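Enquirer: Just one file: query-v8.cif, with mmCIF, C-alpha atoms and all ligand atoms.
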```cif
data_structure
#
loop_
_atom_site.label_atom_id
_atom_site.label_comp_id
_atom_site.auth_asym_id
_atom_site.auth_seq_id
_atom_site.Cartn_x
_atom_site.Cartn_y
_atom_site.Cartn_z
CA MET J 1 0.00 0.00 0.00
CA SER J 2 1.34 3.42 -0.86
CA THR J 3 2.32 5.74 1.95
CA ARG J 4 -0.37 8.12 0.85
CA ARG J 5 -3.11 5.48 0.99
CA GLU J 6 -1.86 4.18 4.29
CA PHE J 7 -1.88 7.71 5.63
CA PHE J 8 -5.40 8.21 4.37
CA LYS J 9 -6.61 4.91 5.85
CA LYS J 10 -5.09 5.74 9.22
CA GLY J 11 -6.89 9.04 9.02
CA ILE J 12 -10.25 7.37 8.50
CA LEU J 13 -9.66 4.90 11.34
CA ALA J 14 -8.54 7.67 13.63
CA GLY J 15 -11.53 9.76 12.65
CA ALA J 16 -13.88 6.88 13.47
CA GLY J 17 -12.13 6.49 16.83
CA ILE J 18 -12.70 10.11 17.67
CA ALA J 19 -16.34 9.91 16.67
CA MET J 20 -16.85 6.95 19.03
CA LEU J 21 -14.99 8.58 21.88
CA ASN J 22 -16.74 11.90 21.54
CA LYS J 23 -20.30 11.41 20.44
CA SER J 24 -21.46 14.43 22.37
CA PHE J 25 -18.69 16.71 21.22
CA SER J 26 -19.55 19.32 18.65
CA ASN J 27 -17.13 17.99 16.04
CA LYS J 28 -14.68 20.81 16.49
CA VAL J 29 -11.37 20.31 14.70
CA LEU J 30 -12.30 16.82 13.52
CA PHE J 31 -10.80 17.61 10.15
CA GLY J 32 -7.36 17.61 11.73
CA ILE J 33 -5.52 17.20 14.96
CA PRO J 34 -3.12 19.78 16.34
CA GLU J 35 0.33 18.55 17.32
CA ASP J 36 1.88 19.93 20.48
CA ASN J 37 3.70 23.22 19.94
CA MET J 38 3.42 22.78 16.24
CA PHE J 39 3.82 26.45 15.40
CA THR J 40 7.04 28.40 15.84
CA LEU J 41 8.07 32.02 15.39
CA PRO J 42 9.52 32.54 11.90
CA LEU J 43 12.80 34.43 11.59
CA LEU J 44 12.62 37.85 9.99
CA PRO J 45 14.07 37.95 6.47
CA TYR J 46 16.10 41.07 7.48
CA ARG J 47 17.59 42.69 10.59
CA TYR J 48 15.47 44.58 13.13
CA ASP J 49 16.98 47.89 11.98
CA ALA J 50 16.67 47.09 8.26
CA LEU J 51 13.42 48.98 7.75
CA GLU J 52 14.76 52.23 9.23
CA PRO J 53 13.92 55.05 8.91
CA PHE J 54 10.36 53.96 8.09
CA ILE J 55 9.91 51.47 10.91
CA ASP J 56 12.30 51.74 13.83
CA LYS J 57 14.41 48.95 15.25
CA GLN J 58 12.80 48.95 18.70
CA THR J 59 9.30 48.63 17.28
CA MET J 60 10.40 45.77 15.01
CA GLU J 61 12.14 43.91 17.81
CA LEU J 62 9.24 44.22 20.27
CA HIS J 63 6.68 43.48 17.58
CA HIS J 64 8.47 40.30 16.51
CA THR J 65 9.84 38.92 19.79
CA LYS J 66 6.96 39.91 22.09
CA HIS J 67 3.76 40.37 20.09
CA HIS J 68 4.23 37.77 17.35
CA GLN J 69 5.86 35.31 19.76
CA GLY J 70 2.85 35.82 22.04
CA TYR J 71 0.42 34.86 19.27
CA VAL J 72 2.46 31.73 18.48
CA ASP J 73 2.60 30.66 22.13
CA LYS J 74 -1.09 31.31 22.73
CA LEU J 75 -2.04 29.53 19.50
CA ASN J 76 -0.13 26.41 20.55
CA LYS J 77 -1.77 26.54 23.96
CA ALA J 78 -5.26 27.12 22.56
CA LEU J 79 -4.85 24.17 20.15
CA ALA J 80 -3.52 21.98 22.96
CA ASP J 81 -6.56 22.94 25.07
CA GLU J 82 -8.92 21.90 22.26
CA LYS J 83 -7.00 18.69 21.83
CA ALA J 84 -7.29 17.94 25.56
CA ALA J 85 -11.00 18.76 25.49
CA ILE J 86 -11.68 16.01 22.96
CA ASN J 87 -9.16 13.46 24.21
CA PHE J 88 -7.01 13.17 21.14
CA SER J 89 -4.24 11.30 22.96
CA LYS J 90 -4.73 7.96 21.19
CA VAL J 91 -4.94 9.34 17.74
CA SER J 92 -2.38 12.11 17.66
CA ASN J 93 -0.44 13.06 14.54
CA PHE J 94 -2.79 11.58 11.99
CA ARG J 95 -2.83 14.82 10.08
CA LYS J 96 -0.82 17.94 10.50
CA ILE J 97 -2.94 21.05 10.41
CA GLU J 98 -1.74 23.92 8.30
CA LEU J 99 -2.21 27.48 9.47
CA ASP J 100 -4.20 28.28 6.32
CA ASP J 101 -6.60 25.40 7.09
CA ILE J 102 -7.20 26.73 10.60
CA CYS J 103 -7.99 30.20 9.24
CA LYS J 104 -10.29 28.85 6.54
CA ASN J 105 -12.21 26.75 9.09
CA VAL J 106 -11.83 29.07 12.06
CA SER J 107 -15.55 29.05 12.94
CA LYS J 108 -15.02 25.46 14.16
CA TYR J 109 -12.46 26.59 16.74
CA SER J 110 -12.41 28.60 19.95
CA VAL J 111 -12.08 32.39 20.03
CA ALA J 112 -8.55 31.93 21.39
CA VAL J 113 -7.56 29.95 18.29
CA ARG J 114 -9.22 32.53 16.03
CA ASN J 115 -7.35 35.46 17.59
CA ASN J 116 -3.97 33.77 17.76
CA ALA J 117 -4.02 31.85 14.48
CA GLY J 118 -4.92 35.16 12.88
CA GLY J 119 -2.12 36.90 14.76
CA HIS J 120 0.39 34.28 13.64
CA TYR J 121 -0.75 34.20 10.00
CA ASN J 122 -1.04 37.98 9.66
CA HIS J 123 2.36 38.78 11.17
CA SER J 124 4.17 36.02 9.23
CA MET J 125 2.80 37.58 6.08
CA PHE J 126 3.45 41.16 7.25
CA TRP J 127 7.21 40.59 7.76
CA LYS J 128 7.64 39.01 4.34
CA GLY J 129 5.57 41.76 2.78
CA MET J 130 8.22 44.36 3.62
CA LYS J 131 11.84 44.85 2.55
CA PRO J 132 14.57 47.39 3.24
CA ASN J 133 14.68 50.55 1.14
CA ILE J 134 17.64 52.57 2.31
CA GLY J 135 18.37 54.64 -0.77
CA SER J 136 21.84 56.17 -0.62
CA VAL J 137 23.55 59.29 0.65
CA LEU J 138 23.02 60.94 -2.71
CA SER J 139 19.54 59.71 -3.53
CA PRO J 140 16.40 59.28 -1.45
CA PRO J 141 14.85 55.84 -1.12
CA SER J 142 13.46 54.64 -4.43
CA SER J 143 9.80 55.30 -5.24
CA ASN J 144 9.17 51.57 -4.77
CA GLU J 145 6.44 50.84 -7.28
CA PRO J 146 5.42 47.39 -8.48
CA SER J 147 6.22 46.22 -12.00
CA GLY J 148 5.03 43.48 -14.32
CA LYS J 149 1.69 41.70 -14.05
CA ILE J 150 0.75 42.92 -10.57
CA SER J 151 1.35 46.51 -11.68
CA ASP J 152 -0.91 45.97 -14.72
CA SER J 153 -3.63 44.44 -12.51
CA ILE J 154 -3.45 47.33 -10.05
CA LYS J 155 -3.70 49.88 -12.85
CA SER J 156 -6.59 48.12 -14.59
CA THR J 157 -8.50 47.68 -11.31
CA PHE J 158 -7.83 51.04 -9.64
CA ASP J 159 -7.07 53.24 -12.72
CA SER J 160 -3.59 54.14 -11.48
CA PHE J 161 -1.03 53.15 -8.86
CA ALA J 162 -1.60 56.53 -7.17
CA ASN J 163 -5.34 55.87 -6.92
CA PHE J 164 -4.69 52.42 -5.51
CA LYS J 165 -2.38 53.86 -2.84
CA THR J 166 -4.93 56.52 -1.92
CA LYS J 167 -7.74 53.98 -1.63
CA PHE J 168 -5.67 51.51 0.41
CA SER J 169 -4.42 54.29 2.71
CA GLU J 170 -7.98 55.57 3.25
CA THR J 171 -9.08 52.06 4.17
CA ALA J 172 -6.19 51.79 6.64
CA MET J 173 -7.14 55.15 8.18
CA LYS J 174 -10.77 54.08 8.60
CA VAL J 175 -9.99 50.95 10.64
CA PHE J 176 -11.55 51.70 14.03
CA GLY J 177 -9.36 50.48 16.87
CA SER J 178 -7.09 47.54 16.03
CA GLY J 179 -7.13 45.66 12.75
CA TRP J 180 -5.59 45.14 9.34
CA ALA J 181 -5.87 46.67 5.88
CA TRP J 182 -5.62 44.23 2.97
CA LEU J 183 -5.15 43.85 -0.73
CA VAL J 184 -6.66 40.51 -1.77
CA ILE J 185 -7.67 38.58 -4.85
CA ASN J 186 -11.39 38.09 -4.38
CA LYS J 187 -13.52 35.13 -5.44
CA ASN J 188 -13.96 36.68 -8.91
CA GLY J 189 -10.20 36.75 -9.39
CA LYS J 190 -10.07 40.56 -9.04
CA LEU J 191 -7.89 42.68 -6.78
CA GLU J 192 -9.86 44.21 -3.93
CA ILE J 193 -9.06 46.42 -0.92
CA GLY J 194 -10.66 45.89 2.49
CA SER J 195 -10.06 45.58 6.21
CA THR J 196 -10.61 43.16 9.08
CA PRO J 197 -10.93 43.87 12.82
CA ASN J 198 -8.59 42.54 15.51
CA GLN J 199 -6.48 39.64 14.16
CA ASP J 200 -9.08 38.38 11.70
CA ASN J 201 -7.98 37.98 8.09
CA PRO J 202 -9.65 37.55 4.70
CA LEU J 203 -9.03 33.77 4.66
CA MET J 204 -11.30 33.29 7.68
CA ASP J 205 -14.75 31.80 7.20
CA VAL J 206 -16.03 34.26 9.83
CA SER J 207 -14.74 37.33 7.98
CA GLU J 208 -17.05 39.75 6.17
CA PHE J 209 -14.18 40.69 3.86
CA THR J 210 -12.76 37.62 2.12
CA GLY J 211 -10.17 36.74 -0.48
CA ASN J 212 -6.63 35.53 -0.94
CA PRO J 213 -4.29 37.96 0.88
CA ILE J 214 -1.67 39.68 -1.29
CA LEU J 215 -0.62 42.49 1.04
CA GLY J 216 -1.49 43.16 4.68
CA LEU J 217 -0.82 46.23 6.81
CA ASP J 218 -0.89 46.00 10.59
CA ILE J 219 -3.01 48.88 11.98
CA TRP J 220 -2.60 47.97 15.65
CA GLU J 221 -0.97 50.80 17.61
CA HIS J 222 1.82 48.41 18.68
CA ALA J 223 2.95 48.47 15.02
CA TYR J 224 3.73 52.19 15.03
CA TYR J 225 3.12 53.99 18.32
CA LEU J 226 6.75 54.19 19.55
CA LYS J 227 7.84 56.12 16.46
CA TYR J 228 4.65 57.71 15.19
CA GLN J 229 2.50 58.05 18.35
CA ASN J 230 -1.04 58.96 17.22
CA LYS J 231 0.04 59.78 13.64
CA ARG J 232 -1.23 56.68 11.88
CA ALA J 233 -1.33 58.51 8.53
CA ASP J 234 2.46 59.04 8.65
CA TYR J 235 3.03 55.36 9.43
CA VAL J 236 0.82 54.33 6.51
CA SER J 237 2.41 56.72 4.03
CA ASN J 238 5.92 55.66 5.07
CA TRP J 239 5.04 51.98 4.79
CA TRP J 240 4.71 52.37 1.00
CA ASN J 241 8.50 52.84 0.87
CA ILE J 242 9.11 49.33 2.18
CA VAL J 243 6.37 47.25 0.56
CA ASN J 244 7.91 44.12 -0.92
CA TRP J 245 6.25 44.10 -4.34
CA GLU J 246 8.15 40.99 -5.45
CA GLU J 247 6.59 39.07 -2.57
CA ALA J 248 3.14 40.49 -3.40
CA ALA J 249 3.59 39.47 -7.05
CA LYS J 250 4.56 35.95 -5.92
CA ARG J 251 1.39 35.72 -3.83
CA CYS J 252 -0.69 36.66 -6.88
CA GLU J 253 0.65 33.56 -8.63
CA MET J 254 -0.17 31.19 -5.74
MN MN3 J 301 1.05 43.47 15.16
#
```
For the file at hand, write its structure as structure tokens.
Expert:
Amino acid sequence: MSTRREFFKKGILAGAGIAMLNKSFSNKVLFGIPEDNMFTLPLLPYRYDALEPFIDKQTMELHHTKHHQGYVDKLNKALADEKAAINFSKVSNFRKIELDDICKNVSKYSVAVRNNAGGHYNHSMFWKGMKPNIGSVLSPPSSNEPSGKISDSIKSTFDSFANFKTKFSETAMKVFGSGWAWLVINKNGKLEIGSTPNQDNPLMDVSEFTGNPILGLDIWEHAYYLKYQNKRADYVSNWWNIVNWEEAAKRCEM
């Protein structure tokens, strides 16, 4: 029997076992079983001071080592709690859950999983969605505009890159309290701008705004308050200098 079929068969047997053990349980997470401490903090693809002067080193370090680490730790704990609640001990490891799967099926999980899976997904994407743009002594940082297919899509959807930036920035400014601004590919295959509250994201089955995330901007005060205080507009306009358009273009192809 092929490994794949064996794997699949084990999955079915394990699933049946769970169903027998937990007849009264509401079938949460039955599509997959969390492993202990399965999620870890990803390394940044650049140094903490690499996004200066647009995002300062101290903000980056705290944001990554405290905030993002916190989401990872709490996600692992929340998944372990769900696992304990449905007595998964005999059937562990039959399928590794991917972070995307959790987001897409997040209505089946606890609020703690929703908040922290979102926090982990959103920040992992946020770091990769930025890159250094230091310019040089003689020239200011480059204008940092996309090129190729993603640039064409932006122009055909929003008329111009400038219009797109204005619309995205307005959306970011309108987020009340904490949340995220997004560029996604929606279910019609079109680029669309929107926002989500808290650590929700457009992959989530509970989200009003849905799509495949291409770019995400963290609008929580912890993302900018040390450097920008209450001036969110300055944070947003400076962020355009460090958007990683190559990464965004890659995500369009996924
Ligand atoms: Mn954050």
Enquirer: Could I get the residues of chain J with an atom no further than 7 Å from an atom of ligand MN3 301 (chain J), each paired with its nearest atom pair and that distance in Å to one decimal, using only C-alpha atoms and all ligand atoms, sorted by chain and residue number, as a Markdown table?
Expert:
```
| residue | atom | partner | partner_atom | distance |
| --- | --- | --- | --- | --- |
| J:His63 | CA | J:MN3_301 | MN | 6.1 |
| J:His67 | CA | J:MN3_301 | MN | 6.4 |
| J:His68 | CA | J:MN3_301 | MN | 6.9 |
| J:His123 | CA | J:MN3_301 | MN | 6.3 |
| J:Asp218 | CA | J:MN3_301 | MN | 5.6 |
| J:Trp220 | CA | J:MN3_301 | MN | 5.8 |
| J:His222 | CA | J:MN3_301 | MN | 6.1 |
| J:Ala223 | CA | J:MN3_301 | MN | 5.4 |
```
Enquirer: Out of J:Thr65, J:Thr59, J:Ser147, J:Asn115, which residue has the shortest atom-to-atom distance to Val206 (chain J) when counting all atoms listed in the file?
Expert: J:Asn115
Enquirer: Rounded to one decimal, what separation in Å do you get between CA of Lys155 (chain J) and CA of Asp234 (chain J)?
Expert: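 Answer for the CA of Lys155 (chain J) to CA of Asp234 (chain J) separation: 24.2 Å.
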Enquirer: So how many Å separate CA of Met204 (chain J) and CA of Cys252 (chain J), to one decimal?
Expert: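 CA of Cys252 (chain J) lies 18.3 Å from CA of Met204 (chain J).
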Enquirer: For Asn212 (chain J), work out the shell of residues within 7 Å, counting all atoms listed in the file and skipping chain neighbours fewer than 2 positions away, then give it as an MDAnalysis selection string.
Expert: chainID J and resid 184:186 202:203 214
Enquirer: Which one is closest to Asp73 (chain J): J:Ala112, J:Ile97, J:Trp182, J:Glu52? Count all atoms listed in the file.
Expert: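 Closest residue, counting all atoms listed in the file: J:Ala112.
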Enquirer: Quick one: distance from CA of Pro213 (chain J) to CA of Arg251 (chain J) in Å, one decimal?
Expert: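 Value for the CA of Pro213 (chain J)-CA of Arg251 (chain J) distance: 7.7 Å.
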Enquirer: Which is closest to Met38 (chain J) among J:Ser153, J:Trp245, J:Ile219, J:Glu98, if we use only C-alpha atoms?
Expert: J:Glu98
Enquirer: Which is closer to Trp240 (chain J) than all the others in J:Asp159, J:Asp101, J:Glu145, J:Glu253, using all atoms listed in the file?
Expert: J:Glu145
Enquirer: When distances are computed from all atoms listed in the file, which of J:Gly194, J:Asn201, J:Val175, J:Ile134 shows the smallest separation from Phe54 (chain J)?
Expert: J:Ile134
